[in-house]
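Undergrad: Sharing a structure, written as structure tokens. Questions coming.
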Amino acid sequence: MCENEIQFVGRILDNVHGFIYYTRAEEQIMNTLLFKRLQSIKQLSIVNWVFPGSEHTRYIHSLGVMYIADKMATQLNLKINERKIVRLAGLLHDIGHYPLSHVCEFPYKKNLESFPDDSFCNQINQRVLGQIDSFVEKENTQYMEQSMGCHHEKIGAYIICNNEEIRKIVVDECGKDAPDIIADMITGNIERKDTNPLLVQILHSELDADGIDYLMRDAMFSGTSFGAFELDQLIGCMEVGEYEGTKILCINPKGIAAADQYLINKFFSYSQVVFNKHIVITEWMAEQIVNWMQKNSAFFPNKKKLEKEVKSKCSSADYVGFTDNFFWASLQNILDNPLKDTEPKIIKFFSEKLLNHTELNYVDGSEVKIVSNDIQEIKDKLFDSDTYKRLSHYDSKIALFNERKMSKQIREEQYEEILNELIKEGNENPEAEDSVTQDDLDKLRARRYMECITVKDGKKLRLLCDDHRSLMRTLYNIRLVLLRVFDCNLPVEI
């Protein structure tokens, strides 16, 4: 075998990418119980209730991310060992995922409030009213922030670094530093000097292999066309740029149209699939159940127990069995256990609904849908809607509020204004832990280039939103906002 080649030992036929080839080390990881666990976690949770073809799993998505990441690594002319690391990082990036993907993760990350039965609907609606009343333009002051706490990426990073079986495979293939580098790539950590930030961007940015595969895969299996964009053109136009000594994953000007197409289709994917009214309410119901279970250590582990389980037994049957099936079994346990009379009625109501593949009924005509780049226009339309005006009076209905921005990008002049404000605050509070000084500015600017889609034109770097050839110049701050109401009448017998 040539030193500059990767030796493949087998292949898998994938619906999205065709044949995906794998190495001996990758095959060994695919055969571990921890990785096979991903075959029992659907990529799109319960989206298959609405889009029946959406049965794909985190397992095949992980193979797809490995494939895309390798195409990017090859285009960027990475060294052979870096390419091996990139492939393994793509393969392992979701190994810490929760049952039902992000649905069961959300309560662990966000620490949702729990409300009593007698005020549940009212409290939910008051929270939504608060979200709308305080809805403002929130621009990024920090980019490339590392995943922390109970985020699935942080859990996955811990498994890779501490599970003896997986760590040995990675070290034998790529060297003793590889597990830490892969952990950095997965969590978005660019702070360690031993990790090339270019590798992190391949897996953790607005133009990463993860986002590319899930857009293509979710579209294909849901039956929509939003996954269609010029993949080969996009990857073929990738280059390595540099800002003040930091390597930046860039595209050249020929890739601008493909990058625009990618961001626009991702936006449509949220508006038509992820934010479908049947999907948002079923996932929301599941989130409320998981929130109650983990806070009460009922069937689902609480935060501390989950972290302990991962750290001490990350190859045990307990964690391997933490899959979609575990979630559905937990719902049945809620309804059948001897202490069921002590459980909140709303939790039993939601559990029975989901087990019967039913949902809270949508209130016809309640939807307020706005697509705009003007925050004041969005708020005015929300305030003027009958749905908003009635919210505080609902006792047996609940409102859901969803929003999505086209891109994380903001224009350079806006960002410089933000930096000036941060410097001003830093001068006023120099002892503050997060104070920003003049010396931090280049690092912050580099982070913005790393996380967003950056165009390299000669030696000049600029984001899509600053390039006159890109549609993002006018579309980058477009937002989708959705407000809907659903009936939440509890039966008397619950």
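So you can find residues: chains in the structure tokens are A, B, ... in the order shown, residues in each start at 1, and ligands are numbered from 1 in order.
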Just want the 9 Å neighbourhood of segment 5-21 of chain A, counted on only C-alpha atoms, with same-chain residues fewer than 3 positions away dropped. Output as a list in words.

TA: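 Within the cut-off, the hits are Met1, Cys2, Arg24, Glu27, Ile60, Leu63, Gly64, Met66, Tyr67, Ile68, Ile80, Arg83, Lys84, Asp213, Met216, Arg217, Met220 and Phe221 of chain A.
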
Undergrad: Which residues come within 9 Å of Ile169 of chain A, counting only C-alpha atoms, excluding same-chain residues fewer than 6 positions away, as a VMD selection string?

TA: chain A and resid 25 to 26 28 to 29

Undergrad: Taking only segment 11-237 of chain A into account, list the residues labelled strand (DSSP E or B) by DSSP (computed from the backbone), as a PDB file with C-alpha atoms, in the first residue's frame.

TA:
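Result file follows (selection_9.pdb):
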ATOM      1  CA  ARG A  11     -18.090  -1.087   1.584  1.00  0.00           C
ATOM      2  CA  ILE A  12     -21.713  -0.311   2.445  1.00  0.00           C
ATOM      3  CA  LEU A  13     -24.338   0.701  -0.108  1.00  0.00           C
ATOM      4  CA  ASP A  14     -25.948   3.951   1.045  1.00  0.00           C
ATOM      5  CA  GLY A  18     -23.764   5.177  -3.105  1.00  0.00           C
ATOM      6  CA  PHE A  19     -20.942   2.933  -1.906  1.00  0.00           C
ATOM      7  CA  ILE A  20     -19.210   4.102   1.279  1.00  0.00           C
ATOM      8  CA  TYR A  21     -15.875   2.359   1.773  1.00  0.00           C
ATOM      9  CA  TYR A  22     -14.425   1.679   5.205  1.00  0.00           C
ATOM     10  CA  LYS A  42     -33.781   7.399  14.466  1.00  0.00           C
ATOM     11  CA  THR A  57     -30.821   6.146  11.837  1.00  0.00           C
TER      12      THR A  57
END

Undergrad: Write out, as a tab-separated table, each residue of segment 305-382 of chain A that has an atom at most 8 Å from segment 135-156 of chain A, together with the closest pair of atoms and their distance in Å to one decimal, counting only C-alpha atoms, rows going by chain and rising number.

TA:
residue	atom	partner	partner_atom	distance
A:Glu307	CA	A:Cys150	CA	7.4
A:Val310	CA	A:Ile155	CA	7.1
A:Ile375	CA	A:Glu137	CA	6.5
A:Lys379	CA	A:Phe135	CA	7.4

Undergrad: Residues as selected, C-alpha atoms, written as an mmCIF file, in the first residue's frame, can you do that?

TA:
data_model
loop_
_atom_site.group_PDB
_atom_site.id
_atom_site.type_symbol
_atom_site.label_atom_id
_atom_site.label_comp_id
_atom_site.auth_asym_id
_atom_site.auth_seq_id
_atom_site.Cartn_x
_atom_site.Cartn_y
_atom_site.Cartn_z
ATOM 1 C CA GLU A 307 -23.035 11.639 33.412
ATOM 2 C CA VAL A 310 -21.315 7.467 30.783
ATOM 3 C CA ILE A 375 -37.589 42.224 14.066
ATOM 4 C CA LYS A 379 -43.224 41.601 16.683
#

Undergrad: Of the candidates A:Lys266, A:Lys110, A:Lys369, A:Arg447, which one gets nearest to Asn291 of chain A if we count only C-alpha atoms?

TA: A:Lys110

Undergrad: DSSP says helix (DSSP H, G or I) for which residues of segment 120-282 of chain A? Put them as a VMD selection string?

TA: chain A and resid 120 to 133 152 to 162 164 to 174 178 to 187 197 to 203 209 to 222 231 to 236 253 to 274 277 to 282

Undergrad: Please produce a file of the residues just selected, as a JSON list (two decimals), in the first residue's frame, where the atoms kept are C-alpha atoms.

TA:
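Saved file out16.json follows:
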[["chain", "number", "residue", "atom", "x", "y", "z"],
["A", 120, "PHE", "CA", -49.83, 23.63, 33.19],
["A", 121, "CYS", "CA", -51.44, 25.27, 30.13],
["A", 122, "ASN", "CA", -51.46, 28.73, 31.67],
["A", 123, "GLN", "CA", -47.79, 28.53, 32.62],
["A", 124, "ILE", "CA", -46.76, 27.29, 29.17],
["A", 125, "ASN", "CA", -48.65, 30.14, 27.53],
["A", 126, "GLN", "CA", -47.17, 32.72, 29.89],
["A", 127, "ARG", "CA", -43.73, 31.48, 28.93],
["A", 128, "VAL", "CA", -44.56, 31.85, 25.23],
["A", 129, "LEU", "CA", -45.91, 35.35, 25.82],
["A", 130, "GLY", "CA", -42.64, 36.19, 27.54],
["A", 131, "GLN", "CA", -40.67, 34.84, 24.57],
["A", 132, "ILE", "CA", -42.64, 37.01, 22.18],
["A", 133, "ASP", "CA", -42.58, 40.14, 24.35],
["A", 152, "HIS", "CA", -24.61, 14.76, 23.13],
["A", 153, "GLU", "CA", -21.31, 15.91, 21.62],
["A", 154, "LYS", "CA", -19.73, 16.26, 25.06],
["A", 155, "ILE", "CA", -20.98, 12.82, 26.05],
["A", 156, "GLY", "CA", -19.64, 11.38, 22.79],
["A", 157, "ALA", "CA", -16.24, 13.01, 23.35],
["A", 158, "TYR", "CA", -16.02, 11.45, 26.79],
["A", 159, "ILE", "CA", -16.85, 8.00, 25.41],
["A", 160, "ILE", "CA", -14.16, 8.28, 22.73],
["A", 161, "CYS", "CA", -11.50, 9.32, 25.22],
["A", 162, "ASN", "CA", -12.44, 6.85, 27.98],
["A", 164, "GLU", "CA", -11.12, 1.29, 26.35],
["A", 165, "GLU", "CA", -12.34, -0.54, 23.25],
["A", 166, "ILE", "CA", -12.92, 2.52, 21.08],
["A", 167, "ARG", "CA", -9.92, 4.44, 22.36],
["A", 168, "LYS", "CA", -7.58, 1.52, 21.54],
["A", 169, "ILE", "CA", -8.89, 1.29, 17.96],
["A", 170, "VAL", "CA", -8.39, 5.03, 17.45],
["A", 171, "VAL", "CA", -4.91, 5.09, 19.00],
["A", 172, "ASP", "CA", -3.74, 2.04, 17.04],
["A", 173, "GLU", "CA", -4.93, 3.64, 13.80],
["A", 174, "CYS", "CA", -3.93, 7.29, 14.28],
["A", 178, "ALA", "CA", -5.99, 11.15, 18.11],
["A", 179, "PRO", "CA", -8.77, 10.57, 20.71],
["A", 180, "ASP", "CA", -8.31, 14.09, 22.12],
["A", 181, "ILE", "CA", -8.21, 15.62, 18.62],
["A", 182, "ILE", "CA", -11.39, 13.77, 17.63],
["A", 183, "ALA", "CA", -13.05, 14.91, 20.88],
["A", 184, "ASP", "CA", -12.10, 18.52, 20.03],
["A", 185, "MET", "CA", -13.53, 18.14, 16.52],
["A", 186, "ILE", "CA", -16.82, 16.80, 17.85],
["A", 187, "THR", "CA", -17.30, 19.41, 20.59],
["A", 197, "PRO", "CA", -8.56, 24.26, 13.98],
["A", 198, "LEU", "CA", -9.07, 23.36, 10.32],
["A", 199, "LEU", "CA", -10.01, 19.82, 11.38],
["A", 200, "VAL", "CA", -12.53, 21.18, 13.87],
["A", 201, "GLN", "CA", -14.23, 23.26, 11.17],
["A", 202, "ILE", "CA", -14.71, 20.20, 8.95],
["A", 203, "LEU", "CA", -17.03, 18.79, 11.62],
["A", 209, "ALA", "CA", -19.84, 17.47, 6.96],
["A", 210, "ASP", "CA", -22.51, 16.82, 9.59],
["A", 211, "GLY", "CA", -24.84, 19.53, 8.28],
["A", 212, "ILE", "CA", -24.26, 18.55, 4.66],
["A", 213, "ASP", "CA", -25.14, 14.89, 5.22],
["A", 214, "TYR", "CA", -28.17, 15.47, 7.40],
["A", 215, "LEU", "CA", -29.65, 17.93, 4.90],
["A", 216, "MET", "CA", -29.21, 15.48, 2.02],
["A", 217, "ARG", "CA", -30.28, 12.43, 4.02],
["A", 218, "ASP", "CA", -33.31, 13.98, 5.73],
["A", 219, "ALA", "CA", -34.59, 15.28, 2.39],
["A", 220, "MET", "CA", -34.18, 11.96, 0.61],
["A", 221, "PHE", "CA", -35.92, 9.92, 3.30],
["A", 222, "SER", "CA", -38.68, 12.45, 3.97],
["A", 231, "LEU", "CA", -22.40, 19.05, -3.50],
["A", 232, "ASP", "CA", -19.41, 18.37, -5.76],
["A", 233, "GLN", "CA", -19.23, 22.02, -6.75],
["A", 234, "LEU", "CA", -19.35, 23.10, -3.11],
["A", 235, "ILE", "CA", -16.65, 20.70, -1.93],
["A", 236, "GLY", "CA", -14.59, 21.18, -5.08],
["A", 253, "PRO", "CA", -15.80, 32.53, -5.50],
["A", 254, "LYS", "CA", -16.90, 29.70, -7.83],
["A", 255, "GLY", "CA", -18.57, 28.01, -4.83],
["A", 256, "ILE", "CA", -20.73, 30.97, -3.79],
["A", 257, "ALA", "CA", -23.88, 29.86, -5.64],
["A", 258, "ALA", "CA", -23.63, 26.32, -4.22],
["A", 259, "ALA", "CA", -23.14, 27.71, -0.70],
["A", 260, "ASP", "CA", -26.18, 29.96, -1.10],
["A", 261, "GLN", "CA", -28.20, 27.01, -2.36],
["A", 262, "TYR", "CA", -27.11, 24.92, 0.64],
["A", 263, "LEU", "CA", -28.12, 27.55, 3.22],
["A", 264, "ILE", "CA", -31.45, 28.30, 1.53],
["A", 265, "ASN", "CA", -32.40, 24.62, 1.30],
["A", 266, "LYS", "CA", -31.47, 24.09, 4.96],
["A", 267, "PHE", "CA", -33.82, 26.98, 5.82],
["A", 268, "PHE", "CA", -36.62, 25.38, 3.77],
["A", 269, "SER", "CA", -35.97, 22.03, 5.43],
["A", 270, "TYR", "CA", -36.77, 23.60, 8.81],
["A", 271, "SER", "CA", -39.85, 25.46, 7.56],
["A", 272, "GLN", "CA", -41.39, 22.46, 5.80],
["A", 273, "VAL", "CA", -40.21, 19.41, 7.76],
["A", 274, "VAL", "CA", -38.73, 20.18, 11.18],
["A", 277, "LYS", "CA", -47.18, 21.40, 13.00],
["A", 278, "HIS", "CA", -47.68, 17.69, 13.65],
["A", 279, "ILE", "CA", -43.98, 17.17, 14.30],
["A", 280, "VAL", "CA", -43.45, 20.12, 16.65],
["A", 281, "ILE", "CA", -46.34, 19.15, 18.91],
["A", 282, "THR", "CA", -45.45, 15.44, 19.16]]

Undergrad: Choose the residue, out of A:Asp380, A:Asp194, A:Glu283, A:Asp318, that has the smallest atom-to-atom separation from Leu354 of chain A; count only C-alpha atoms.

TA: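 Checking each of A:Asp380, A:Asp194, A:Glu283, A:Asp318 against Leu354 of chain A, counting only C-alpha atoms, the winner is A:Glu283.
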
Undergrad: Mind checking which residues fall within 10 Å of Pro52 of chain A, counting only C-alpha atoms, ignoring those fewer than 3 positions away in the same chain, and posting them as a list in words?

TA: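 Everything that qualifies: Ile46, Val47, Asn48, Trp49, Glu55, Phe221, Ser222 and Gly223 of chain A.
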
Undergrad: Do you know which residues are at most 9 Å from Leu112 of chain A counting only C-alpha atoms, after dropping those on the same chain fewer than 4 positions away, and could you put them as a tab-separated table (two decimals) with N, CA and C atoms, in the first residue's frame?

TA:
chain	number	residue	atom	x	y	z
A	106	PHE	N	-32.93	17.65	24.56
A	106	PHE	CA	-33.31	19.03	24.84
A	106	PHE	C	-33.58	19.30	26.32
A	107	PRO	N	-34.36	18.45	27.02
A	107	PRO	CA	-34.60	18.72	28.46
A	107	PRO	C	-33.32	18.66	29.30
A	108	TYR	N	-32.37	17.81	28.92
A	108	TYR	CA	-31.12	17.72	29.66
A	108	TYR	C	-30.28	18.98	29.47
A	287	GLU	N	-40.76	15.86	24.88
A	287	GLU	CA	-39.81	16.63	25.69
A	287	GLU	C	-40.34	16.85	27.10
A	288	GLN	N	-41.63	17.13	27.23
A	288	GLN	CA	-42.21	17.35	28.56
A	288	GLN	C	-42.13	16.08	29.41
A	291	ASN	N	-38.48	15.49	30.38
A	291	ASN	CA	-38.12	16.48	31.39
A	291	ASN	C	-38.58	16.03	32.78

Undergrad: Quick one: residues within 12 Å of Arg445 of chain A, only C-alpha atoms counted, chain neighbours fewer than 3 positions away excluded, as a ChimeraX atom specification?

TA: /A:140-144,242-244,246,248,410-413,415-416,418-419,438-442,448-452,454,461-463

Undergrad: How far is it from atom CA of Asn77 of chain A to atom CA of Ala89 of chain A, in Å with one decimal?

TA: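 Taking atom CA of Asn77 of chain A and atom CA of Ala89 of chain A, their separation equals 17.3 Å.
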